[in-house]
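Listing of start38.cif, mmCIF, C-alpha atoms
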data_start
loop_
_atom_site.label_atom_id
_atom_site.label_comp_id
_atom_site.auth_asym_id
_atom_site.auth_seq_id
_atom_site.Cartn_x
_atom_site.Cartn_y
_atom_site.Cartn_z
CA MET A 1 31.54 12.68 -18.06
CA THR A 2 29.00 14.97 -19.54
CA ILE A 3 29.37 15.41 -23.21
CA ILE A 4 28.11 18.75 -24.32
CA PRO A 5 26.59 18.38 -27.72
CA PHE A 6 27.15 21.28 -29.85
CA PRO A 7 24.56 22.74 -32.12
CA ALA A 8 26.23 23.15 -35.41
CA ARG A 9 25.24 24.72 -38.61
CA SER A 10 22.68 22.69 -40.42
CA PRO A 11 21.68 23.01 -44.01
CA ARG A 12 19.44 25.99 -44.44
CA ARG A 13 16.18 24.17 -44.85
CA TYR A 14 14.03 25.81 -42.26
CA GLY A 15 10.90 24.20 -43.56
CA ASP A 16 12.38 20.81 -42.85
CA LEU A 17 13.55 21.66 -39.38
CA VAL A 18 10.33 23.26 -38.36
CA VAL A 19 8.08 20.47 -39.55
CA THR A 20 10.25 17.51 -38.60
CA GLN A 21 7.55 15.98 -36.45
CA PRO A 22 4.63 15.92 -38.88
CA MET A 23 6.89 14.72 -41.67
CA ALA A 24 8.18 11.89 -39.55
CA LEU A 25 4.65 10.84 -38.75
CA GLU A 26 3.94 10.52 -42.41
CA ASP A 27 6.79 8.08 -42.90
CA GLU A 28 5.70 4.64 -43.91
CA ALA A 29 4.87 3.27 -40.52
CA ASP A 30 5.41 -0.26 -41.74
CA ASP A 31 8.91 0.23 -42.92
CA VAL A 32 10.94 -1.38 -40.21
CA ARG A 33 14.19 -0.04 -41.49
CA SER A 34 13.07 3.57 -41.49
CA LEU A 35 11.59 3.06 -38.06
CA ALA A 36 14.96 1.81 -36.86
CA GLU A 37 16.67 4.78 -38.43
CA ARG A 38 14.34 7.17 -36.70
CA LEU A 39 14.94 5.42 -33.42
CA VAL A 40 18.69 5.66 -33.84
CA ALA A 41 18.27 9.35 -34.62
CA GLY A 42 16.65 9.75 -31.24
CA GLU A 43 13.08 10.36 -32.25
CA GLU A 44 10.84 9.65 -29.32
CA ALA A 45 7.84 9.00 -31.55
CA ALA A 46 9.83 6.19 -33.12
CA LEU A 47 10.29 4.59 -29.73
CA GLU A 48 6.56 4.77 -29.18
CA ALA A 49 5.96 3.13 -32.54
CA VAL A 50 8.54 0.46 -31.80
CA TYR A 51 6.96 -0.14 -28.43
CA ASP A 52 3.47 -0.40 -29.86
CA ARG A 53 4.56 -2.86 -32.48
CA TRP A 54 6.90 -5.14 -30.53
CA SER A 55 5.99 -4.87 -26.87
CA PRO A 56 3.57 -7.81 -27.17
CA LEU A 57 6.42 -9.92 -28.59
CA VAL A 58 8.82 -8.93 -25.82
CA HIS A 59 6.19 -9.21 -23.11
CA THR A 60 4.97 -12.61 -24.22
CA TYR A 61 8.53 -13.85 -24.45
CA ALA A 62 9.27 -12.67 -20.92
CA LEU A 63 6.00 -14.13 -19.71
CA ARG A 64 6.87 -17.53 -21.14
CA ALA A 65 10.44 -17.46 -19.95
CA LEU A 66 9.71 -16.25 -16.42
CA ALA A 67 6.15 -17.43 -15.83
CA ASP A 68 5.44 -14.42 -13.69
CA PRO A 69 3.31 -11.48 -14.84
CA HIS A 70 5.04 -8.97 -12.60
CA ASP A 71 8.55 -9.97 -13.69
CA ALA A 72 7.42 -10.02 -17.31
CA GLU A 73 6.17 -6.44 -17.03
CA ASP A 74 9.43 -5.34 -15.43
CA VAL A 75 11.47 -7.01 -18.12
CA THR A 76 9.35 -5.43 -20.85
CA GLN A 77 9.87 -2.01 -19.34
CA GLN A 78 13.60 -2.58 -18.98
CA VAL A 79 13.97 -3.83 -22.53
CA PHE A 80 12.47 -0.73 -24.11
CA VAL A 81 14.25 1.69 -21.83
CA ALA A 82 17.52 -0.11 -22.54
CA ALA A 83 16.71 -0.10 -26.24
CA TRP A 84 16.25 3.65 -26.16
CA ARG A 85 19.43 4.27 -24.23
CA SER A 86 21.55 2.03 -26.42
CA ARG A 87 19.81 2.89 -29.66
CA HIS A 88 23.15 4.07 -31.06
CA THR A 89 24.21 0.44 -31.26
CA LEU A 90 21.34 -0.55 -33.55
CA THR A 91 22.19 -1.09 -37.18
CA PRO A 92 18.99 -0.52 -39.11
CA SER A 93 17.92 -3.46 -41.23
CA PRO A 94 14.56 -5.05 -41.91
CA SER A 95 14.74 -7.62 -39.13
CA ALA A 96 17.11 -5.75 -36.84
CA LEU A 97 14.44 -4.41 -34.52
CA PRO A 98 12.74 -7.61 -33.37
CA ALA A 99 16.08 -9.42 -33.29
CA TRP A 100 17.66 -6.68 -31.25
CA LEU A 101 14.74 -6.42 -28.83
CA ILE A 102 14.67 -10.16 -28.32
CA GLY A 103 18.42 -10.07 -27.73
CA ILE A 104 18.02 -7.44 -25.02
CA ALA A 105 15.09 -9.37 -23.56
CA ARG A 106 17.25 -12.50 -23.30
CA HIS A 107 19.72 -10.63 -21.16
CA LYS A 108 17.06 -9.16 -18.93
CA VAL A 109 15.44 -12.56 -18.50
CA ALA A 110 18.81 -14.02 -17.56
CA ASP A 111 19.25 -11.23 -15.00
CA VAL A 112 15.91 -12.03 -13.40
CA ARG A 113 16.75 -15.72 -13.27
CA ALA A 114 20.10 -15.00 -11.71
CA ALA A 115 18.44 -12.77 -9.13
CA ARG A 116 15.91 -15.46 -8.34
CA ALA A 117 18.67 -18.00 -7.96
CA ARG A 118 20.50 -15.68 -5.61
CA ASP A 119 17.37 -15.02 -3.61
CA ALA A 120 16.80 -18.58 -2.65
CA ASP A 121 18.79 -21.68 -2.08
CA ARG A 122 17.88 -22.43 -5.62
CA LEU A 123 21.36 -21.41 -6.60
CA ALA A 124 22.71 -24.70 -5.41
CA ALA A 125 19.98 -26.55 -7.22
CA VAL A 126 20.55 -24.73 -10.46
CA VAL A 127 24.30 -25.17 -10.36
CA SER A 128 24.11 -28.84 -9.55
CA LEU A 129 21.67 -29.48 -12.35
CA PRO A 130 23.85 -30.21 -15.34
CA GLY A 131 22.83 -28.43 -18.46
CA ALA A 132 20.09 -26.40 -16.80
CA HIS A 133 21.43 -23.27 -18.36
CA GLU A 134 21.64 -24.69 -21.86
CA LEU A 135 18.21 -26.18 -21.42
CA HIS A 136 16.83 -22.76 -20.60
CA GLN A 137 18.62 -21.23 -23.49
CA SER A 138 17.42 -23.56 -26.20
CA ALA A 139 13.89 -23.50 -24.79
CA ASP A 140 13.99 -19.71 -24.80
CA GLU A 141 15.14 -19.64 -28.38
CA ASP A 142 12.32 -21.92 -29.43
CA VAL A 143 9.85 -19.69 -27.69
CA ALA A 144 11.34 -16.57 -29.23
CA GLU A 145 11.18 -18.01 -32.72
CA GLN A 146 7.64 -19.21 -32.29
CA LEU A 147 6.61 -15.76 -31.17
CA VAL A 148 8.42 -14.11 -34.05
CA VAL A 149 6.52 -16.41 -36.44
CA ARG A 150 3.28 -15.67 -34.71
CA GLN A 151 3.80 -11.94 -35.03
CA ALA A 152 4.85 -12.25 -38.66
CA VAL A 153 1.63 -14.09 -39.46
CA ASP A 154 -0.42 -11.61 -37.45
CA GLU A 155 1.04 -8.80 -39.53
CA MET A 156 0.27 -10.41 -42.88
CA PRO A 157 -2.56 -8.95 -44.90
CA ASP A 158 -5.66 -11.04 -45.32
CA PRO A 159 -6.51 -13.47 -46.84
CA ARG A 160 -2.97 -14.75 -46.38
CA ARG A 161 -3.09 -14.30 -42.64
CA THR A 162 -6.29 -16.31 -42.31
CA ILE A 163 -5.09 -18.97 -44.71
CA LEU A 164 -1.84 -19.49 -42.82
CA PHE A 165 -3.68 -19.50 -39.57
CA LEU A 166 -6.13 -22.14 -40.73
CA ALA A 167 -3.33 -24.30 -42.13
CA PHE A 168 -0.65 -23.99 -39.49
CA TRP A 169 -2.60 -23.39 -36.33
CA GLU A 170 -5.83 -25.21 -36.94
CA GLU A 171 -4.29 -27.83 -39.20
CA HIS A 172 -7.00 -27.73 -41.82
CA SER A 173 -6.35 -29.37 -45.17
CA HIS A 174 -5.75 -27.14 -48.15
CA ALA A 175 -9.06 -28.18 -49.66
CA GLU A 176 -10.93 -27.33 -46.47
CA ILE A 177 -9.29 -23.94 -46.36
CA ALA A 178 -10.17 -23.25 -49.98
CA GLU A 179 -13.77 -23.94 -49.14
CA ARG A 180 -13.78 -21.83 -46.01
CA VAL A 181 -12.22 -18.76 -47.52
CA GLY A 182 -13.96 -19.21 -50.86
CA LEU A 183 -10.78 -19.13 -52.95
CA PRO A 184 -9.51 -21.59 -55.56
CA LEU A 185 -7.27 -24.34 -54.21
CA GLY A 186 -4.35 -23.10 -56.29
CA THR A 187 -4.63 -19.62 -54.79
CA VAL A 188 -4.68 -21.04 -51.28
CA LYS A 189 -1.57 -23.09 -51.96
CA SER A 190 0.18 -20.11 -53.46
CA HIS A 191 -0.58 -18.03 -50.35
CA LEU A 192 0.76 -20.82 -48.18
CA ARG A 193 3.98 -21.14 -50.16
CA ARG A 194 4.64 -17.43 -50.23
CA GLY A 195 3.64 -17.05 -46.61
CA LEU A 196 6.03 -19.81 -45.61
CA ILE A 197 8.85 -18.15 -47.51
CA THR A 198 8.10 -14.85 -45.76
CA LEU A 199 8.15 -16.53 -42.37
CA HIS A 200 11.38 -18.30 -43.20
CA ARG A 201 13.06 -15.05 -44.20
CA GLN A 202 11.84 -13.25 -41.11
CA LEU A 203 13.14 -16.05 -38.93
CA GLU A 204 16.46 -16.15 -40.73
CA GLY A 205 16.82 -12.41 -40.36
CA VAL A 206 16.11 -12.55 -36.66
CA ARG A 207 18.51 -15.45 -36.17
CA HIS A 208 21.20 -13.69 -38.10
CA GLU A 209 20.74 -10.34 -36.41
CA SER A 210 20.57 -11.62 -32.87
CA ARG A 211 23.85 -13.45 -33.19
CA MET B 1 18.89 -29.27 -63.36
CA SER B 2 19.65 -25.89 -61.81
CA HIS B 3 18.33 -25.18 -58.34
CA ALA B 4 14.64 -25.34 -57.75
CA GLU B 5 12.72 -22.15 -57.05
CA PRO B 6 12.08 -21.35 -53.38
CA ASP B 7 8.40 -21.36 -54.24
CA GLN B 8 8.64 -24.96 -55.45
CA LEU B 9 10.64 -25.99 -52.42
CA ALA B 10 8.17 -24.31 -50.09
CA GLY B 11 5.46 -26.31 -51.82
CA LEU B 12 7.46 -29.45 -51.28
CA ALA B 13 7.85 -28.67 -47.59
CA LEU B 14 4.12 -28.01 -47.26
CA ASP B 15 2.96 -31.10 -49.10
CA PRO B 16 5.40 -33.56 -50.71
CA ASP B 17 2.61 -35.09 -52.80
CA ASP B 18 1.92 -31.74 -54.33
CA ALA B 19 5.38 -31.15 -55.73
CA SER B 20 6.36 -32.19 -59.20
CA GLU B 21 8.46 -35.26 -59.73
CA ALA B 22 11.42 -33.19 -61.00
CA VAL B 23 11.47 -30.94 -57.94
CA ARG B 24 11.20 -33.90 -55.59
CA GLU B 25 14.06 -35.67 -57.27
CA HIS B 26 16.22 -32.59 -57.36
CA ALA B 27 15.69 -31.89 -53.66
CA GLN B 28 16.79 -35.42 -52.86
CA THR B 29 20.15 -34.99 -54.56
CA CYS B 30 20.93 -31.30 -54.13
CA PRO B 31 22.20 -30.48 -50.61
CA GLU B 32 21.38 -26.79 -50.93
CA CYS B 33 17.81 -27.32 -51.96
CA ALA B 34 17.38 -30.08 -49.40
CA ALA B 35 18.59 -27.67 -46.72
CA LEU B 36 16.08 -25.08 -47.81
CA VAL B 37 13.27 -27.62 -47.68
CA ALA B 38 14.40 -28.58 -44.19
CA ALA B 39 14.47 -24.92 -43.19
CA PHE B 40 10.94 -24.41 -44.51
CA THR B 41 9.79 -27.47 -42.62
CA GLY B 42 11.44 -26.09 -39.49
CA THR B 43 9.74 -22.76 -39.97
CA ARG B 44 6.41 -24.51 -40.44
CA ARG B 45 6.99 -26.27 -37.13
CA ARG B 46 7.51 -22.91 -35.42
CA ALA B 47 3.90 -22.07 -36.07
CA GLY B 48 1.43 -22.74 -33.32
CA ALA B 49 2.30 -20.17 -30.70
CA ASP B 50 -0.63 -18.69 -28.86
CA ALA B 51 -1.54 -15.12 -29.55
CA LEU B 52 0.91 -12.56 -28.26
CA VAL B 53 -0.07 -10.87 -25.04
CA ALA B 54 0.27 -7.11 -24.96
CA PRO B 55 1.62 -5.73 -21.68
CA PRO B 56 -0.73 -3.62 -19.58
CA ALA B 57 -0.92 0.05 -20.50
CA HIS B 58 0.96 1.23 -17.43
CA VAL B 59 4.13 -0.44 -18.72
CA ARG B 60 4.10 1.89 -21.70
CA ASP B 61 3.67 4.89 -19.43
CA ARG B 62 6.60 3.77 -17.32
CA VAL B 63 8.84 3.27 -20.34
CA LEU B 64 8.11 6.76 -21.62
CA ALA B 65 8.56 8.27 -18.17
CA ASP B 66 11.93 6.54 -17.81
CA VAL B 67 13.00 7.67 -21.22
CA ARG B 68 12.04 11.25 -20.60
CA ALA B 69 13.84 11.35 -17.28
CA PRO B 70 17.46 12.45 -17.47
CA ALA B 71 19.61 9.68 -18.81
CA PRO B 72 22.06 8.04 -16.43
CA PRO B 73 25.59 9.36 -16.64
CA THR B 74 26.77 6.43 -18.72
CA ALA B 75 24.55 7.22 -21.65
CA PRO B 76 25.48 10.04 -23.96
CA PRO B 77 22.77 12.66 -23.78
CA PRO B 78 20.63 12.89 -26.85
CA VAL B 79 21.15 15.79 -29.14
CA VAL B 80 18.03 17.81 -28.75
CA VAL B 81 18.98 21.36 -29.45
CA ARG B 82 18.81 21.29 -33.20
CA GLU B 83 19.18 18.71 -35.78
CA ARG B 84 22.68 18.55 -37.11
CA ARG B 85 24.12 16.59 -39.91
CA GLY B 86 27.57 15.38 -40.58
CA VAL B 87 29.26 16.52 -37.41
CA PRO B 88 32.94 16.81 -38.27
CA ALA B 89 35.47 15.01 -36.10
CA TRP B 90 36.96 18.19 -34.75
CA LEU B 91 33.62 19.16 -33.39
CA ALA B 92 33.46 16.01 -31.31
CA ALA B 93 36.83 16.97 -29.88
CA VAL B 94 35.49 20.41 -29.08
CA ALA B 95 32.53 18.85 -27.31
CA ALA B 96 34.83 16.62 -25.30
CA ALA B 97 36.98 19.57 -24.33
CA LEU B 98 33.92 21.48 -23.27
CA ALA B 99 32.78 18.53 -21.23
CA LEU B 100 35.91 18.93 -19.16
CA VAL B 101 35.09 22.54 -18.55
CA ALA B 102 31.52 21.69 -17.73
CA GLY B 103 32.49 19.01 -15.30
CA ILE B 104 34.47 21.34 -13.08
CA GLY B 105 32.03 24.03 -12.22
CA LEU B 106 28.82 22.08 -11.71
CA GLY B 107 26.76 23.50 -8.94
CA ARG B 108 29.26 26.07 -7.81
CA ILE B 109 27.16 29.03 -8.63
CA GLY B 110 24.43 29.92 -6.22
CA THR B 111 21.53 32.23 -6.62
CA GLY B 112 21.96 35.95 -7.05
CA GLU B 113 23.01 36.45 -3.45
CA THR B 114 26.30 34.66 -3.81
CA PRO B 115 29.22 37.03 -3.31
CA ALA B 116 31.86 37.31 -5.98
CA PRO B 117 33.98 34.20 -5.82
CA GLU B 118 37.55 35.07 -5.00
CA ALA B 119 38.65 31.95 -6.74
CA SER B 120 37.82 33.26 -10.16
CA ASP B 121 40.90 34.59 -11.75
CA PRO B 122 41.38 37.00 -13.37
CA THR B 123 39.20 39.31 -11.34
CA PRO B 124 35.87 40.12 -12.91
CA VAL B 125 35.34 43.23 -14.92
CA GLU B 126 34.55 46.51 -13.25
CA THR B 127 31.16 47.09 -11.85
CA ASP B 128 31.05 50.81 -12.33
CA ASP B 129 27.30 50.96 -12.36
CA GLY B 130 27.19 49.47 -8.91
CA GLY B 131 25.97 46.02 -9.79
CA GLU B 132 27.18 43.17 -7.69
CA VAL B 133 29.26 40.58 -9.48
CA VAL B 134 27.64 37.25 -8.75
CA ALA B 135 29.62 35.06 -11.11
CA ALA B 136 32.58 35.39 -13.39
CA THR B 137 34.90 33.42 -15.54
CA ALA B 138 38.01 33.77 -17.57
CA LEU B 139 37.51 33.06 -21.24
CA THR B 140 39.98 30.85 -22.99
CA ALA B 141 40.44 29.40 -26.42
CA LEU B 142 39.09 25.90 -26.89
CA ASP B 143 42.12 24.31 -28.42
CA SER B 144 44.61 25.84 -26.00
CA ASP B 145 44.77 27.72 -22.72
CA ALA B 146 45.22 31.00 -24.53
CA GLU B 147 43.39 33.76 -22.72
CA ARG B 148 40.49 35.33 -24.49
CA GLY B 149 39.27 37.81 -21.89
CA GLU B 150 36.64 37.59 -19.20
CA ALA B 151 32.94 37.38 -18.66
CA SER B 152 30.96 38.23 -15.58
CA VAL B 153 27.41 38.38 -14.41
CA THR B 154 26.19 41.25 -12.29
CA ASP B 155 23.00 41.62 -10.40
CA ARG B 156 21.65 45.10 -9.88
CA ASP B 157 18.15 45.49 -8.59
CA ASP B 158 17.39 42.03 -9.87
CA VAL B 159 18.52 42.81 -13.38
CA ILE B 160 21.06 40.25 -14.46
CA THR B 161 23.67 41.46 -16.90
CA LEU B 162 26.22 39.38 -18.67
CA ARG B 163 29.34 41.41 -19.43
CA VAL B 164 31.79 40.12 -21.91
CA ARG B 165 35.24 41.62 -22.40
CA ALA B 166 36.90 39.47 -24.95
CA ARG B 167 40.21 39.84 -26.68
CA ASP B 168 42.30 38.18 -29.32
CA LEU B 169 39.28 36.77 -31.09
CA GLY B 170 41.07 36.87 -34.40
CA ASP B 171 39.98 38.45 -37.62
CA GLU B 172 38.08 35.65 -39.26
CA ASP B 173 35.29 36.91 -41.48
CA GLY B 174 31.96 37.24 -39.83
CA PHE B 175 30.63 38.59 -36.55
CA HIS B 176 31.00 37.39 -32.99
CA GLU B 177 27.99 36.00 -31.21
CA VAL B 178 27.69 35.25 -27.52
CA TRP B 179 25.93 32.12 -26.30
CA LEU B 180 25.07 30.61 -22.97
CA ILE B 181 25.33 26.85 -22.97
CA ASN B 182 23.62 24.89 -20.27
CA VAL B 183 25.83 22.67 -18.13
CA ASP B 184 23.39 19.85 -18.81
CA GLY B 185 24.89 19.72 -22.25
CA LYS B 186 21.54 19.75 -23.96
CA ARG B 187 20.53 23.35 -24.34
CA MET B 188 21.96 26.63 -25.43
CA VAL B 189 20.69 30.13 -26.06
CA GLY B 190 22.13 32.95 -28.08
CA VAL B 191 22.27 36.14 -26.01
CA GLY B 192 23.50 38.56 -28.62
CA ILE B 193 26.16 39.86 -30.90
CA LEU B 194 29.39 41.65 -30.02
CA ALA B 195 28.50 44.55 -32.22
CA ASP B 196 31.05 47.05 -31.00
CA GLY B 197 34.53 45.60 -30.72
CA ASP B 198 35.08 42.70 -28.40
CA ASP B 199 33.05 43.93 -25.46
CA GLY B 200 29.38 43.61 -24.89
CA GLU B 201 26.66 43.67 -22.27
CA PHE B 202 23.59 41.51 -22.41
CA LYS B 203 20.63 41.50 -20.12
CA VAL B 204 19.56 37.95 -19.41
CA PRO B 205 16.67 36.52 -17.48
CA ARG B 206 17.86 35.44 -14.07
CA HIS B 207 16.33 32.01 -14.37
CA LEU B 208 18.62 31.17 -17.26
CA ILE B 209 21.64 31.45 -15.02
CA ASP B 210 19.85 29.65 -12.22
CA ASP B 211 18.84 26.91 -14.63
CA GLY B 212 22.41 26.15 -15.51
CA TYR B 213 23.08 28.27 -18.59
CA ARG B 214 26.50 29.13 -17.27
CA ILE B 215 28.94 28.34 -20.03
CA VAL B 216 29.77 31.50 -21.93
CA ASP B 217 30.67 30.82 -25.52
CA ILE B 218 31.74 33.19 -28.25
CA SER B 219 31.39 32.00 -31.82
CA VAL B 220 32.29 33.46 -35.13
CA GLU B 221 29.25 33.53 -37.38
CA PRO B 222 29.34 33.95 -41.11
CA ASP B 223 26.72 36.31 -42.43
CA ASP B 224 24.62 33.59 -43.99
CA GLY B 225 21.34 34.11 -42.24
CA ASP B 226 21.50 30.82 -40.40
CA PRO B 227 20.54 31.52 -36.79
CA THR B 228 22.22 28.42 -35.38
CA HIS B 229 25.68 28.25 -33.89
CA SER B 230 28.28 28.02 -36.61
CA GLY B 231 30.17 25.37 -34.74
CA VAL B 232 33.22 27.59 -34.59
CA SER B 233 33.86 28.70 -31.02
CA LEU B 234 36.58 31.21 -30.33
CA ALA B 235 36.36 31.41 -26.56
CA ARG B 236 34.67 29.78 -23.68
CA GLY B 237 34.41 29.79 -19.93
CA GLU B 238 32.05 28.62 -17.26
CA LEU B 239 30.59 31.17 -14.89
CA ALA B 240 31.28 30.36 -11.29
#
Here is the file; what I need is its structure written in the form of structure tokens.
Amino acid sequence: MTIIPFPARSPRRYGDLVVTQPMALEDEADDVRSLAERLVAGEEAALEAVYDRWSPLVHTYALRALADPHDAEDVTQQVFVAAWRSRHTLTPSPSALPAWLIGIARHKVADVRAARARDADRLAAVVSLPGAHELHQSADEDVAEQLVVRQAVDEMPDPRRTILFLAFWEEHSHAEIAERVGLPLGTVKSHLRRGLITLHRQLEGVRHESR
Amino acid sequence: MSHAEPDQLAGLALDPDDASEAVREHAQTCPECAALVAAFTGTRRRAGADALVAPPAHVRDRVLADVRAPAPPTAPPPVVVRERRGVPAWLAAVAAALALVAGIGLGRIGTGETPAPEASDPTPVETDDGGEVVAATALTALDSDAERGEASVTDRDDVITLRVRARDLGDEDGFHEVWLINVDGKRMVGVGILADGDDGEFKVPRHLIDDGYRIVDISVEPDDGDPTHSGVSLARGELA
């Protein structure tokens, strides 16, 4: 049924109404919560910002889960279109957006897998394989969390980003890192501790929100 | 000892040899702090993913194209007409009631050549200036079936005129404004004010009617200078 929205009287702040767009663009682009709020409000520019920030996360997740570039592109497209259409269900919070997008992506990935299983005789194989589904699921979650961590590190300001990268990805010792980035050992360790706490919180938020 | 600071526990997770004796001991006996250390260690283990891979640019284009296309019927259409805040509950009911009206007449009106539909009852207003009635509707209250007059559209030499003959609009303070709401539920235009009693004639561009602006709405507007619809509709009907 078509719902006819009904323009109602708004507060008489013509300036606001007329310049909604430019004002919105000035919003702190990094504030995830305000971005979520703008998305819920139906602002298309917010969707573009959300897409630009999280499409690599969603796409990489789909790529890992499906191992097919074409399917991964389709899933990415579906996730953001679905996100837009169901934006009313999003409760804005700092980690809501990535959690929510990953949650939608999980469903789309499952759809593709189900379709693949239907397509071929693989259905029988999948069904007869005990625990295949759970196996997928826990592997997917691992992948999702790794990608969330990766993005969180990517978004950190330097030198923290570089320090975490050297420590966690390249496995350098703290002393080596201190030498490479030219910072005192204590500073390097402090960046690592704080960075780890940030990652932990981000991960917890995503886990909590996607439940 | 009270709980250790997250910072200390993060340090412990990163390098046990680095942590102070007190923190190490505490984390061994305190389940909460031990859990946090384990969580930090788990987070640390989540590092190592390859760089994220952005999707090709055409995916973005497709998303935006999909989003800009009309939403499927299941999704509520976005509110695009004007920003509104704090929509009262009764207004939602009004919208739902209107949706019923809108659902009935979709696509029944043709272009200007359509003869007056005999189905529309009561009969359209007179066409004393010779214009051909191409669409008409009875106007009714929104919260009941109470009759509120008629509206019709005539076409004379390609000039489209909306005629409104309303009645029983009540004596609420303010003036009565006539609107055309699109059946797509997303757009509306004000066509004018009933300045002289409850009747009025408004010339409208033909394409408006053709584009689906077919729901005639009469609102009561307080004299507050706000050009938007007050949200108080007295009568409505869909031209068919």
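We find CA of Trp179 in chain B and CA of Gly192 in chain B to be spaced 7.3 Å apart.
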Distance in Å - CA of Glu145 in chain A versus CA of Ile104 in chain A: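 Here the two named atoms are 14.8 Å from each other.
CA of Arg214 in chain B is found 12.4 Å from CA of Ala138 in chain B.
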Using only C-alpha atoms, determine which residues lie at most 12 Å from Glu177 in chain B, disregarding the query and same-chain residues fewer than 5 positions distant; provide the list as an MDAnalysis selection string. chainID B and resid 164 166 169 189:202 216:223 227:236
Considering only C-alpha atoms, state which residue in the set A:Glu176, A:Glu204, A:Asp68, A:Glu37 is at the smallest distance from chain B. A:Glu204
